[in-house]
file entry.cif (mmCIF, C-alpha atoms, pLDDT in the B column; chains and numbers go by the auth columns)
data_structure
loop_
_atom_site.group_PDB
_atom_site.id
_atom_site.type_symbol
_atom_site.label_atom_id
_atom_site.label_comp_id
_atom_site.label_asym_id
_atom_site.label_seq_id
_atom_site.Cartn_x
_atom_site.Cartn_y
_atom_site.Cartn_z
_atom_site.B_iso_or_equiv
_atom_site.auth_seq_id
_atom_site.auth_asym_id
ATOM 1 C CA MET A 1 6.104 3.493 36.117 59.00 491 A
ATOM 2 C CA GLY A 2 3.043 4.967 34.505 76.00 492 A
ATOM 3 C CA GLY A 3 2.411 8.655 35.120 93.00 493 A
ATOM 4 C CA PHE A 4 3.400 11.406 32.725 97.00 494 A
ATOM 5 C CA LYS A 5 6.843 11.049 31.104 97.00 495 A
ATOM 6 C CA HIS A 6 9.361 13.608 29.871 97.00 496 A
ATOM 7 C CA LEU A 7 11.876 11.843 27.630 98.00 497 A
ATOM 8 C CA VAL A 8 14.960 13.594 26.284 97.00 498 A
ATOM 9 C CA VAL A 9 17.359 11.823 23.921 98.00 499 A
ATOM 10 C CA VAL A 10 20.514 13.730 23.038 98.00 500 A
ATOM 11 C CA LYS A 11 23.857 13.824 21.351 97.00 501 A
ATOM 12 C CA PHE A 12 26.223 16.144 23.199 97.00 502 A
ATOM 13 C CA LYS A 13 28.692 18.418 21.465 97.00 503 A
ATOM 14 C CA GLU A 14 32.185 16.956 21.375 95.00 504 A
ATOM 15 C CA ASP A 15 33.870 19.331 23.808 94.00 505 A
ATOM 16 C CA VAL A 16 31.180 19.095 26.481 95.00 506 A
ATOM 17 C CA VAL A 17 31.964 17.782 29.983 95.00 507 A
ATOM 18 C CA VAL A 18 28.951 15.503 30.335 95.00 508 A
ATOM 19 C CA GLU A 19 29.575 14.868 34.050 95.00 509 A
ATOM 20 C CA GLY A 20 28.967 18.555 34.733 95.00 510 A
ATOM 21 C CA ILE A 21 25.666 18.472 32.849 96.00 511 A
ATOM 22 C CA LEU A 22 24.593 15.340 34.728 96.00 512 A
ATOM 23 C CA LYS A 23 25.343 16.958 38.072 96.00 513 A
ATOM 24 C CA GLY A 24 23.255 19.974 37.086 96.00 514 A
ATOM 25 C CA MET A 25 20.403 17.718 36.057 96.00 515 A
ATOM 26 C CA GLU A 26 20.504 15.720 39.286 95.00 516 A
ATOM 27 C CA LYS A 27 20.514 18.968 41.260 95.00 517 A
ATOM 28 C CA LEU A 28 17.529 20.176 39.244 96.00 518 A
ATOM 29 C CA VAL A 29 15.378 17.094 39.833 96.00 519 A
ATOM 30 C CA SER A 30 16.285 17.059 43.528 94.00 520 A
ATOM 31 C CA GLU A 31 15.111 20.669 43.821 93.00 521 A
ATOM 32 C CA VAL A 32 11.770 20.180 42.136 95.00 522 A
ATOM 33 C CA ASP A 33 9.286 18.055 44.081 94.00 523 A
ATOM 34 C CA ALA A 34 7.065 17.614 41.019 95.00 524 A
ATOM 35 C CA VAL A 35 9.705 15.295 39.525 97.00 525 A
ATOM 36 C CA LYS A 36 8.637 11.968 40.992 96.00 526 A
ATOM 37 C CA SER A 37 11.491 9.923 39.606 95.00 527 A
ATOM 38 C CA PHE A 38 14.431 10.367 37.254 96.00 528 A
ATOM 39 C CA GLU A 39 16.572 7.822 35.493 96.00 529 A
ATOM 40 C CA TRP A 40 19.071 8.128 32.694 97.00 530 A
ATOM 41 C CA GLY A 41 21.548 6.092 30.740 97.00 531 A
ATOM 42 C CA GLN A 42 24.309 6.189 28.196 97.00 532 A
ATOM 43 C CA ASP A 43 24.487 3.810 25.257 95.00 533 A
ATOM 44 C CA ILE A 44 28.079 3.279 24.262 80.00 534 A
ATOM 45 C CA GLU A 45 27.920 0.005 22.419 85.00 535 A
ATOM 46 C CA SER A 46 24.829 -0.346 20.209 90.00 536 A
ATOM 47 C CA PRO A 47 25.431 -0.115 16.457 91.00 537 A
ATOM 48 C CA GLU A 48 25.617 3.472 15.233 90.00 538 A
ATOM 49 C CA MET A 49 22.893 2.560 12.723 91.00 539 A
ATOM 50 C CA LEU A 50 20.503 2.077 15.656 93.00 540 A
ATOM 51 C CA ARG A 51 21.716 4.967 17.809 93.00 541 A
ATOM 52 C CA GLN A 52 21.734 7.488 14.955 94.00 542 A
ATOM 53 C CA GLY A 53 24.455 9.423 16.766 94.00 543 A
ATOM 54 C CA TYR A 54 22.442 9.809 19.981 97.00 544 A
ATOM 55 C CA THR A 55 24.178 8.690 23.165 96.00 545 A
ATOM 56 C CA HIS A 56 22.121 9.638 26.222 98.00 546 A
ATOM 57 C CA ALA A 57 18.523 9.175 27.326 98.00 547 A
ATOM 58 C CA PHE A 58 16.953 11.067 30.230 98.00 548 A
ATOM 59 C CA LEU A 59 13.575 10.045 31.564 97.00 549 A
ATOM 60 C CA MET A 60 11.612 11.976 34.159 97.00 550 A
ATOM 61 C CA THR A 61 8.320 10.788 35.587 96.00 551 A
ATOM 62 C CA PHE A 62 5.575 13.051 36.890 97.00 552 A
ATOM 63 C CA GLU A 63 2.354 12.059 38.599 96.00 553 A
ATOM 64 C CA LYS A 64 0.291 13.970 36.074 96.00 554 A
ATOM 65 C CA LYS A 65 0.691 16.281 33.102 96.00 555 A
ATOM 66 C CA GLU A 66 0.001 19.410 35.180 96.00 556 A
ATOM 67 C CA ASP A 67 3.078 18.619 37.303 97.00 557 A
ATOM 68 C CA TYR A 68 5.202 18.445 34.158 96.00 558 A
ATOM 69 C CA THR A 69 3.795 21.757 32.952 95.00 559 A
ATOM 70 C CA ALA A 70 4.636 23.337 36.322 95.00 560 A
ATOM 71 C CA PHE A 71 8.156 21.883 36.079 96.00 561 A
ATOM 72 C CA THR A 72 8.805 23.489 32.699 94.00 562 A
ATOM 73 C CA SER A 73 8.149 26.938 34.138 95.00 563 A
ATOM 74 C CA HIS A 74 10.069 26.354 37.403 96.00 564 A
ATOM 75 C CA PRO A 75 12.982 28.854 37.721 96.00 565 A
ATOM 76 C CA SER A 76 15.493 26.010 38.272 96.00 566 A
ATOM 77 C CA HIS A 77 14.353 24.334 35.058 96.00 567 A
ATOM 78 C CA ILE A 78 14.532 27.537 33.056 96.00 568 A
ATOM 79 C CA GLU A 79 18.046 28.210 34.355 95.00 569 A
ATOM 80 C CA PHE A 80 19.241 24.654 33.690 96.00 570 A
ATOM 81 C CA SER A 81 17.695 24.520 30.218 95.00 571 A
ATOM 82 C CA ALA A 82 19.578 27.605 29.123 95.00 572 A
ATOM 83 C CA THR A 83 22.868 25.808 29.855 94.00 573 A
ATOM 84 C CA PHE A 84 21.677 22.456 28.533 96.00 574 A
ATOM 85 C CA VAL A 85 20.752 23.684 25.055 95.00 575 A
ATOM 86 C CA THR A 86 24.231 25.105 24.532 96.00 576 A
ATOM 87 C CA ALA A 87 25.738 21.660 25.261 97.00 577 A
ATOM 88 C CA ILE A 88 23.787 19.539 22.791 97.00 578 A
ATOM 89 C CA ASP A 89 24.376 18.806 19.155 97.00 579 A
ATOM 90 C CA LYS A 90 20.942 17.283 18.505 96.00 580 A
ATOM 91 C CA PHE A 91 17.979 16.059 20.529 96.00 581 A
ATOM 92 C CA VAL A 92 14.529 14.500 20.529 97.00 582 A
ATOM 93 C CA VAL A 93 12.008 15.352 23.242 97.00 583 A
ATOM 94 C CA LEU A 94 8.793 13.395 23.775 97.00 584 A
ATOM 95 C CA ASP A 95 6.239 14.099 26.516 97.00 585 A
ATOM 96 C CA PHE A 96 3.462 11.596 26.975 97.00 586 A
ATOM 97 C CA PRO A 97 1.094 9.855 29.367 97.00 587 A
ATOM 98 C CA SER A 98 2.730 6.482 29.870 96.00 588 A
ATOM 99 C CA VAL A 99 0.853 3.265 29.141 95.00 589 A
ATOM 100 C CA LEU A 100 2.182 0.492 31.355 93.00 590 A
ATOM 101 C CA ALA A 101 1.574 -2.579 29.171 92.00 591 A
ATOM 102 C CA LYS A 102 3.593 -5.047 31.221 92.00 592 A
ATOM 103 C CA SER A 103 4.178 -4.532 34.929 90.00 593 A
ATOM 104 C CA PRO A 104 7.233 -5.661 36.863 86.00 594 A
ATOM 105 C CA ALA A 105 6.485 -8.977 38.564 69.00 595 A
ATOM 106 C CA MET B 1 13.121 1.174 37.383 58.00 680 B
ATOM 107 C CA GLY B 2 16.804 0.575 37.077 76.00 681 B
ATOM 108 C CA GLY B 3 17.868 -2.564 35.218 94.00 682 B
ATOM 109 C CA PHE B 4 18.835 -2.618 31.555 97.00 683 B
ATOM 110 C CA LYS B 5 16.701 -0.516 29.212 97.00 684 B
ATOM 111 C CA HIS B 6 15.795 -0.902 25.551 97.00 685 B
ATOM 112 C CA LEU B 7 14.425 2.416 24.293 98.00 686 B
ATOM 113 C CA VAL B 8 12.913 2.795 20.831 97.00 687 B
ATOM 114 C CA VAL B 9 11.706 6.181 19.573 98.00 688 B
ATOM 115 C CA VAL B 10 9.933 6.150 16.212 98.00 689 B
ATOM 116 C CA LYS B 11 8.021 7.981 13.562 97.00 690 B
ATOM 117 C CA PHE B 12 5.625 5.646 11.793 97.00 691 B
ATOM 118 C CA LYS B 13 4.942 5.763 8.070 97.00 692 B
ATOM 119 C CA GLU B 14 1.760 7.643 7.263 95.00 693 B
ATOM 120 C CA ASP B 15 -0.344 4.701 6.093 94.00 694 B
ATOM 121 C CA VAL B 16 0.505 2.445 9.033 95.00 695 B
ATOM 122 C CA VAL B 17 -2.207 1.173 11.403 95.00 696 B
ATOM 123 C CA VAL B 18 -0.369 1.844 14.664 95.00 697 B
ATOM 124 C CA GLU B 19 -2.916 -0.101 16.762 95.00 698 B
ATOM 125 C CA GLY B 20 -1.920 -3.289 14.926 95.00 699 B
ATOM 126 C CA ILE B 21 1.753 -2.687 15.639 96.00 700 B
ATOM 127 C CA LEU B 22 1.015 -2.014 19.299 96.00 701 B
ATOM 128 C CA LYS B 23 -0.936 -5.257 19.604 96.00 702 B
ATOM 129 C CA GLY B 24 1.964 -7.163 18.086 96.00 703 B
ATOM 130 C CA MET B 25 4.366 -5.517 20.504 96.00 704 B
ATOM 131 C CA GLU B 26 2.205 -6.285 23.536 95.00 705 B
ATOM 132 C CA LYS B 27 1.944 -9.906 22.379 95.00 706 B
ATOM 133 C CA LEU B 28 5.719 -10.032 21.984 96.00 707 B
ATOM 134 C CA VAL B 29 6.522 -8.760 25.471 96.00 708 B
ATOM 135 C CA SER B 30 3.886 -11.048 27.012 94.00 709 B
ATOM 136 C CA GLU B 31 5.520 -14.033 25.311 93.00 710 B
ATOM 137 C CA VAL B 32 9.064 -13.275 26.425 95.00 711 B
ATOM 138 C CA ASP B 33 9.688 -13.669 30.155 94.00 712 B
ATOM 139 C CA ALA B 34 12.989 -11.777 29.932 95.00 713 B
ATOM 140 C CA VAL B 35 11.016 -8.558 29.386 97.00 714 B
ATOM 141 C CA LYS B 36 10.431 -7.469 32.968 96.00 715 B
ATOM 142 C CA SER B 37 8.282 -4.466 32.183 95.00 716 B
ATOM 143 C CA PHE B 38 7.111 -2.524 29.164 96.00 717 B
ATOM 144 C CA GLU B 39 5.656 0.934 28.855 96.00 718 B
ATOM 145 C CA TRP B 40 5.027 3.176 25.900 97.00 719 B
ATOM 146 C CA GLY B 41 3.489 6.482 24.993 97.00 720 B
ATOM 147 C CA GLN B 42 2.491 8.770 22.185 97.00 721 B
ATOM 148 C CA ASP B 43 3.299 12.459 22.140 94.00 722 B
ATOM 149 C CA ILE B 44 0.695 14.319 20.172 79.00 723 B
ATOM 150 C CA GLU B 45 1.038 17.817 21.476 85.00 724 B
ATOM 151 C CA SER B 46 4.629 18.870 22.100 90.00 725 B
ATOM 152 C CA PRO B 47 6.064 21.390 19.636 91.00 726 B
ATOM 153 C CA GLU B 48 7.327 19.755 16.431 90.00 727 B
ATOM 154 C CA MET B 49 10.658 21.494 17.089 91.00 728 B
ATOM 155 C CA LEU B 50 11.067 19.312 20.193 93.00 729 B
ATOM 156 C CA ARG B 51 9.628 16.093 18.762 93.00 730 B
ATOM 157 C CA GLN B 52 11.624 16.278 15.517 94.00 731 B
ATOM 158 C CA GLY B 53 8.871 14.300 13.804 94.00 732 B
ATOM 159 C CA TYR B 54 9.000 11.412 16.264 97.00 733 B
ATOM 160 C CA THR B 55 5.692 10.417 17.858 96.00 734 B
ATOM 161 C CA HIS B 56 6.082 7.207 19.891 98.00 735 B
ATOM 162 C CA ALA B 57 8.437 5.979 22.603 98.00 736 B
ATOM 163 C CA PHE B 58 8.689 2.340 23.652 98.00 737 B
ATOM 164 C CA LEU B 59 10.623 1.384 26.757 97.00 738 B
ATOM 165 C CA MET B 60 11.387 -2.166 27.814 97.00 739 B
ATOM 166 C CA THR B 61 13.153 -3.053 31.053 96.00 740 B
ATOM 167 C CA PHE B 62 15.282 -6.129 31.583 97.00 741 B
ATOM 168 C CA GLU B 63 16.891 -7.324 34.792 96.00 742 B
ATOM 169 C CA LYS B 64 20.326 -7.395 33.176 96.00 743 B
ATOM 170 C CA LYS B 65 22.007 -6.897 29.835 96.00 744 B
ATOM 171 C CA GLU B 66 22.226 -10.648 29.155 96.00 745 B
ATOM 172 C CA ASP B 67 18.421 -10.845 29.284 97.00 746 B
ATOM 173 C CA TYR B 68 18.175 -8.121 26.643 96.00 747 B
ATOM 174 C CA THR B 69 20.707 -9.920 24.460 95.00 748 B
ATOM 175 C CA ALA B 70 18.661 -13.134 24.764 95.00 749 B
ATOM 176 C CA PHE B 71 15.520 -11.163 23.857 96.00 750 B
ATOM 177 C CA THR B 72 17.040 -9.842 20.627 95.00 751 B
ATOM 178 C CA SER B 73 17.635 -13.385 19.379 95.00 752 B
ATOM 179 C CA HIS B 74 14.259 -14.760 20.558 96.00 753 B
ATOM 180 C CA PRO B 75 12.222 -16.073 17.574 96.00 754 B
ATOM 181 C CA SER B 76 9.215 -13.900 18.536 96.00 755 B
ATOM 182 C CA HIS B 77 11.410 -10.792 18.530 96.00 756 B
ATOM 183 C CA ILE B 78 12.983 -11.625 15.187 96.00 757 B
ATOM 184 C CA GLU B 79 9.537 -12.201 13.658 95.00 758 B
ATOM 185 C CA PHE B 80 8.099 -8.999 15.119 96.00 759 B
ATOM 186 C CA SER B 81 11.106 -6.885 14.149 95.00 760 B
ATOM 187 C CA ALA B 82 10.763 -7.891 10.509 95.00 761 B
ATOM 188 C CA THR B 83 7.249 -6.386 10.471 94.00 762 B
ATOM 189 C CA PHE B 84 8.161 -3.413 12.633 96.00 763 B
ATOM 190 C CA VAL B 85 10.958 -2.119 10.409 95.00 764 B
ATOM 191 C CA THR B 86 8.617 -1.970 7.411 96.00 765 B
ATOM 192 C CA ALA B 87 6.233 0.269 9.404 97.00 766 B
ATOM 193 C CA ILE B 88 8.630 2.994 10.495 97.00 767 B
ATOM 194 C CA ASP B 89 9.798 6.101 8.751 97.00 768 B
ATOM 195 C CA LYS B 90 12.660 6.845 11.172 96.00 769 B
ATOM 196 C CA PHE B 91 13.843 5.660 14.561 96.00 770 B
ATOM 197 C CA VAL B 92 16.379 5.994 17.361 97.00 771 B
ATOM 198 C CA VAL B 93 17.311 2.980 19.484 97.00 772 B
ATOM 199 C CA LEU B 94 19.278 3.264 22.721 97.00 773 B
ATOM 200 C CA ASP B 95 20.183 0.348 24.996 97.00 774 B
ATOM 201 C CA PHE B 96 21.716 1.168 28.350 97.00 775 B
ATOM 202 C CA PRO B 97 22.096 0.228 31.986 97.00 776 B
ATOM 203 C CA SER B 98 19.730 2.620 33.725 96.00 777 B
ATOM 204 C CA VAL B 99 20.943 4.935 36.462 95.00 778 B
ATOM 205 C CA LEU B 100 18.104 5.660 38.852 93.00 779 B
ATOM 206 C CA ALA B 101 19.026 9.144 40.078 92.00 780 B
ATOM 207 C CA LYS B 102 15.763 9.944 41.837 93.00 781 B
ATOM 208 C CA SER B 103 13.515 7.187 43.159 90.00 782 B
ATOM 209 C CA PRO B 104 9.759 7.366 43.430 85.00 783 B
ATOM 210 C CA ALA B 105 8.823 8.347 46.983 68.00 784 B
#

call {"tool": "encode", "arguments": {"input": "entry.cif", "output": "structure tokens"}}
result
Amino acid sequence: MGGFKHLVVVKFKEDVVVEGILKGMEKLVSEVDAVKSFEWGQDIESPEMLRQGYTHAFLMTFEKKEDYTAFTSHPSHIEFSATFVTAIDKFVVLDFPSVLAKSPA
Amino acid sequence: MGGFKHLVVVKFKEDVVVEGILKGMEKLVSEVDAVKSFEWGQDIESPEMLRQGYTHAFLMTFEKKEDYTAFTSHPSHIEFSATFVTAIDKFVVLDFPSVLAKSPA
């Protein structure tokens, strides 16, 4: 919670084996210490009107923005990204300092 | 971390006072116990090619999907949503059980 967030929302191409992509992503975050935490999810049931075709959200948390910047230039990230971009139909990426407005009890 | 997530990514209309919307959202989550945690952020510097025009991400965490379902029909949520939809230019909403693939140390 809090920290600097890297949010990626995507729609994969139809013929993509998503499990393979997920494994690559988990390997990537395990290799890079700067990634403090990583969670993701797949929405398979919300109305299409809300999802706008997007299916997956990936959220990485960094302690600070500099750690995210270092991550983007890490060789493992560069290698993974090259594969990732070929697998997606459309995407939205947002990077932002997170404001924690309500904390877990 | 973990739990059931409600992710909303938006681009606000140009004449909207975002601070007012944020206050309404913070009031909403403070009023509804089912919302376990709430964080948000604004991306003002990533390349437009990555952001696709979107500027804000809002992420609410619920203990379980049933709590999110209850939230959507809560009177405070219905009232807030009616205002919110008039303020946004475009949006993506994803609701999903979160997979925590890397935990904070």

call {"tool": "calpha_fit_and_write", "arguments": {"input": "entry.cif", "fixed": "chain A", "moving": "chain B", "output": "short mmCIF file (atom, residue, chain, number, x, y, z; two decimals) with C-alpha atoms, in the coordinates of the input"}}
result
data_model
loop_
_atom_site.label_atom_id
_atom_site.label_comp_id
_atom_site.auth_asym_id
_atom_site.auth_seq_id
_atom_site.Cartn_x
_atom_site.Cartn_y
_atom_site.Cartn_z
CA MET B 680 6.10 3.53 36.12
CA GLY B 681 3.04 4.97 34.51
CA GLY B 682 2.39 8.67 35.12
CA PHE B 683 3.41 11.41 32.71
CA LYS B 684 6.84 11.06 31.11
CA HIS B 685 9.36 13.62 29.87
CA LEU B 686 11.87 11.85 27.64
CA VAL B 687 14.96 13.60 26.29
CA VAL B 688 17.36 11.82 23.93
CA VAL B 689 20.52 13.73 23.05
CA LYS B 690 23.86 13.82 21.35
CA PHE B 691 26.23 16.12 23.20
CA LYS B 692 28.70 18.42 21.47
CA GLU B 693 32.18 16.94 21.37
CA ASP B 694 33.87 19.33 23.80
CA VAL B 695 31.18 19.10 26.48
CA VAL B 696 31.97 17.77 29.97
CA VAL B 697 28.94 15.49 30.33
CA GLU B 698 29.58 14.86 34.05
CA GLY B 699 28.96 18.56 34.74
CA ILE B 700 25.67 18.47 32.86
CA LEU B 701 24.59 15.35 34.73
CA LYS B 702 25.35 16.97 38.08
CA GLY B 703 23.26 19.98 37.10
CA MET B 704 20.41 17.72 36.07
CA GLU B 705 20.51 15.72 39.29
CA LYS B 706 20.51 18.98 41.27
CA LEU B 707 17.53 20.18 39.24
CA VAL B 708 15.38 17.10 39.84
CA SER B 709 16.30 17.06 43.54
CA GLU B 710 15.13 20.67 43.84
CA VAL B 711 11.78 20.17 42.13
CA ASP B 712 9.29 18.05 44.08
CA ALA B 713 7.07 17.61 41.01
CA VAL B 714 9.71 15.30 39.53
CA LYS B 715 8.64 11.97 40.99
CA SER B 716 11.50 9.93 39.62
CA PHE B 717 14.43 10.36 37.27
CA GLU B 718 16.57 7.83 35.49
CA TRP B 719 19.08 8.13 32.71
CA GLY B 720 21.56 6.09 30.75
CA GLN B 721 24.32 6.18 28.20
CA ASP B 722 24.49 3.81 25.26
CA ILE B 723 28.07 3.27 24.26
CA GLU B 724 27.90 0.01 22.40
CA SER B 725 24.83 -0.35 20.21
CA PRO B 726 25.43 -0.11 16.46
CA GLU B 727 25.62 3.49 15.23
CA MET B 728 22.90 2.57 12.72
CA LEU B 729 20.51 2.08 15.66
CA ARG B 730 21.71 4.98 17.80
CA GLN B 731 21.72 7.50 14.94
CA GLY B 732 24.44 9.43 16.76
CA TYR B 733 22.45 9.81 19.97
CA THR B 734 24.19 8.68 23.16
CA HIS B 735 22.12 9.63 26.23
CA ALA B 736 18.52 9.17 27.33
CA PHE B 737 16.97 11.06 30.23
CA LEU B 738 13.58 10.05 31.57
CA MET B 739 11.62 11.98 34.16
CA THR B 740 8.31 10.79 35.60
CA PHE B 741 5.58 13.06 36.90
CA GLU B 742 2.36 12.07 38.62
CA LYS B 743 0.29 13.98 36.07
CA LYS B 744 0.68 16.28 33.11
CA GLU B 745 0.00 19.41 35.18
CA ASP B 746 3.07 18.61 37.30
CA TYR B 747 5.21 18.45 34.16
CA THR B 748 3.79 21.75 32.95
CA ALA B 749 4.63 23.34 36.32
CA PHE B 750 8.15 21.88 36.08
CA THR B 751 8.80 23.49 32.69
CA SER B 752 8.14 26.94 34.13
CA HIS B 753 10.06 26.35 37.40
CA PRO B 754 12.97 28.84 37.72
CA SER B 755 15.48 26.00 38.27
CA HIS B 756 14.34 24.32 35.05
CA ILE B 757 14.53 27.53 33.04
CA GLU B 758 18.04 28.20 34.35
CA PHE B 759 19.22 24.65 33.68
CA SER B 760 17.67 24.50 30.21
CA ALA B 761 19.57 27.60 29.12
CA THR B 762 22.85 25.79 29.85
CA PHE B 763 21.67 22.45 28.52
CA VAL B 764 20.74 23.68 25.05
CA THR B 765 24.24 25.09 24.53
CA ALA B 766 25.72 21.64 25.27
CA ILE B 767 23.78 19.53 22.79
CA ASP B 768 24.38 18.80 19.16
CA LYS B 769 20.94 17.27 18.51
CA PHE B 770 17.98 16.06 20.53
CA VAL B 771 14.53 14.49 20.52
CA VAL B 772 12.01 15.36 23.23
CA LEU B 773 8.80 13.40 23.78
CA ASP B 774 6.25 14.10 26.52
CA PHE B 775 3.47 11.59 26.98
CA PRO B 776 1.11 9.86 29.37
CA SER B 777 2.74 6.48 29.86
CA VAL B 778 0.87 3.27 29.14
CA LEU B 779 2.20 0.50 31.35
CA ALA B 780 1.59 -2.56 29.17
CA LYS B 781 3.61 -5.04 31.21
CA SER B 782 4.20 -4.51 34.92
CA PRO B 783 7.24 -5.66 36.84
CA ALA B 784 6.46 -8.97 38.54
#

call {"tool": "closest_atom_pairs", "arguments": {"input": "entry.cif", "of": "segment 492-561 of chain A", "to": "segment 760-777 of chain B", "cutoff": "9 Å", "atoms": "all atoms listed in the file", "output": "CSV"}}
result
residue,atom,partner,partner_atom,distance
A:Val499,CA,B:Val771,CA,8.8
A:Glu529,CA,B:Ser777,CA,6.3
A:Trp530,CA,B:Ser777,CA,5.6
A:Gly531,CA,B:Ser777,CA,4.9
A:Gln532,CA,B:Phe775,CA,5.7
A:Asp533,CA,B:Phe775,CA,4.9
A:Ile534,CA,B:Phe775,CA,7.9
A:Glu535,CA,B:Asp774,CA,8.2
A:Ser536,CA,B:Asp774,CA,6.7
A:Met539,CA,B:Val771,CA,8.7
A:Leu540,CA,B:Val772,CA,5.1
A:Arg541,CA,B:Val772,CA,5.1
A:Gln542,CA,B:Val771,CA,6.1
A:Gly543,CA,B:Val771,CA,8.8
A:Tyr544,CA,B:Val771,CA,7.6
A:Thr545,CA,B:Leu773,CA,7.3
A:His546,CA,B:Leu773,CA,7.8
A:Ala547,CA,B:Leu773,CA,7.5

call {"tool": "axis_aligned_box", "arguments": {"input": "entry.cif", "around": "segment 521-537 of chain A", "padding_each_side": "4 Å", "output": "lines of an AutoDock Vina configuration file"}}
result
center_x = 17.6
center_y = 10.2
center_z = 30.3
size_x = 29.0
size_y = 29.0
size_z = 35.6

call {"tool": "atom_distance", "arguments": {"input": "entry.cif", "atom1": "atom CA of Pro594 of chain A", "atom2": "atom CA of Thr559 of chain A"}}
result
27.9 Å

call {"tool": "closest_residue", "arguments": {"input": "entry.cif", "among": "A:Val500, A:Val522, A:Val589, A:Met515", "to": "Leu738 of chain B", "atoms": "all atoms listed in the file"}}
result
A:Val589

call {"tool": "closest_residue", "arguments": {"input": "entry.cif", "among": "A:Lys526, A:Glu556, A:Phe494, A:Ile568", "to": "chain B", "atoms": "only C-alpha atoms"}}
result
A:Lys526

call {"tool": "closest_residue", "arguments": {"input": "entry.cif", "among": "A:Phe528, A:Phe561, A:Leu590, A:Pro537", "to": "Leu497 of chain A", "atoms": "all atoms listed in the file"}}
result
A:Phe528

call {"tool": "atom_distance", "arguments": {"input": "entry.cif", "atom1": "atom CA of Glu516 of chain A", "atom2": "atom CA of Phe570 of chain A"}}
result
10.6 Å

call {"tool": "closest_residue", "arguments": {"input": "entry.cif", "among": "A:Thr551, A:Ser563, A:Ser593, A:Ser527", "to": "His496 of chain A", "atoms": "all atoms listed in the file"}}
result
A:Thr551

call {"tool": "closest_residue", "arguments": {"input": "entry.cif", "among": "A:Phe548, A:Val525, A:Tyr558, A:Lys495", "to": "Ile511 of chain A", "atoms": "only C-alpha atoms"}}
result
A:Phe548

call {"tool": "atom_distance", "arguments": {"input": "entry.cif", "atom1": "atom CA of Met550 of chain A", "atom2": "atom CA of Gly681 of chain B"}}
result
12.9 Å

call {"tool": "closest_residue", "arguments": {"input": "entry.cif", "among": "A:His567, A:Lys513, A:Lys554, A:Lys503", "to": "chain B", "atoms": "only C-alpha atoms"}}
result
A:Lys513

call {"tool": "decode", "arguments": {"input": "entry.cif", "residues": "segment 543-562 of chain A", "atoms": "C-alpha atoms", "output": "PDB file, in the first residue's frame"}}
result
ATOM      1  CA  GLY A 543     -12.667  -5.066 -23.671  1.00  0.00           C
ATOM      2  CA  TYR A 544      -9.876  -5.062 -21.072  1.00  0.00           C
ATOM      3  CA  THR A 545      -9.480  -8.257 -19.063  1.00  0.00           C
ATOM      4  CA  HIS A 546      -6.342  -8.114 -16.917  1.00  0.00           C
ATOM      5  CA  ALA A 547      -4.866  -5.671 -14.422  1.00  0.00           C
ATOM      6  CA  PHE A 548      -1.267  -5.831 -13.196  1.00  0.00           C
ATOM      7  CA  LEU A 549      -0.153  -3.711 -10.281  1.00  0.00           C
ATOM      8  CA  MET A 550       3.430  -3.374  -9.110  1.00  0.00           C
ATOM      9  CA  THR A 551       4.444  -1.382  -6.062  1.00  0.00           C
ATOM     10  CA  PHE A 552       7.800   0.314  -5.594  1.00  0.00           C
ATOM     11  CA  GLU A 553       9.099   2.102  -2.530  1.00  0.00           C
ATOM     12  CA  LYS A 554       9.782   5.246  -4.512  1.00  0.00           C
ATOM     13  CA  LYS A 555       9.693   6.556  -8.064  1.00  0.00           C
ATOM     14  CA  GLU A 556      13.458   6.125  -8.537  1.00  0.00           C
ATOM     15  CA  ASP A 557      13.049   2.369  -7.966  1.00  0.00           C
ATOM     16  CA  TYR A 558      10.421   2.239 -10.706  1.00  0.00           C
ATOM     17  CA  THR A 559      12.691   4.167 -13.058  1.00  0.00           C
ATOM     18  CA  ALA A 560      15.519   1.709 -12.338  1.00  0.00           C
ATOM     19  CA  PHE A 561      13.118  -1.183 -12.998  1.00  0.00           C
ATOM     20  CA  THR A 562      12.184   0.112 -16.444  1.00  0.00           C
TER      21      THR A 562
END
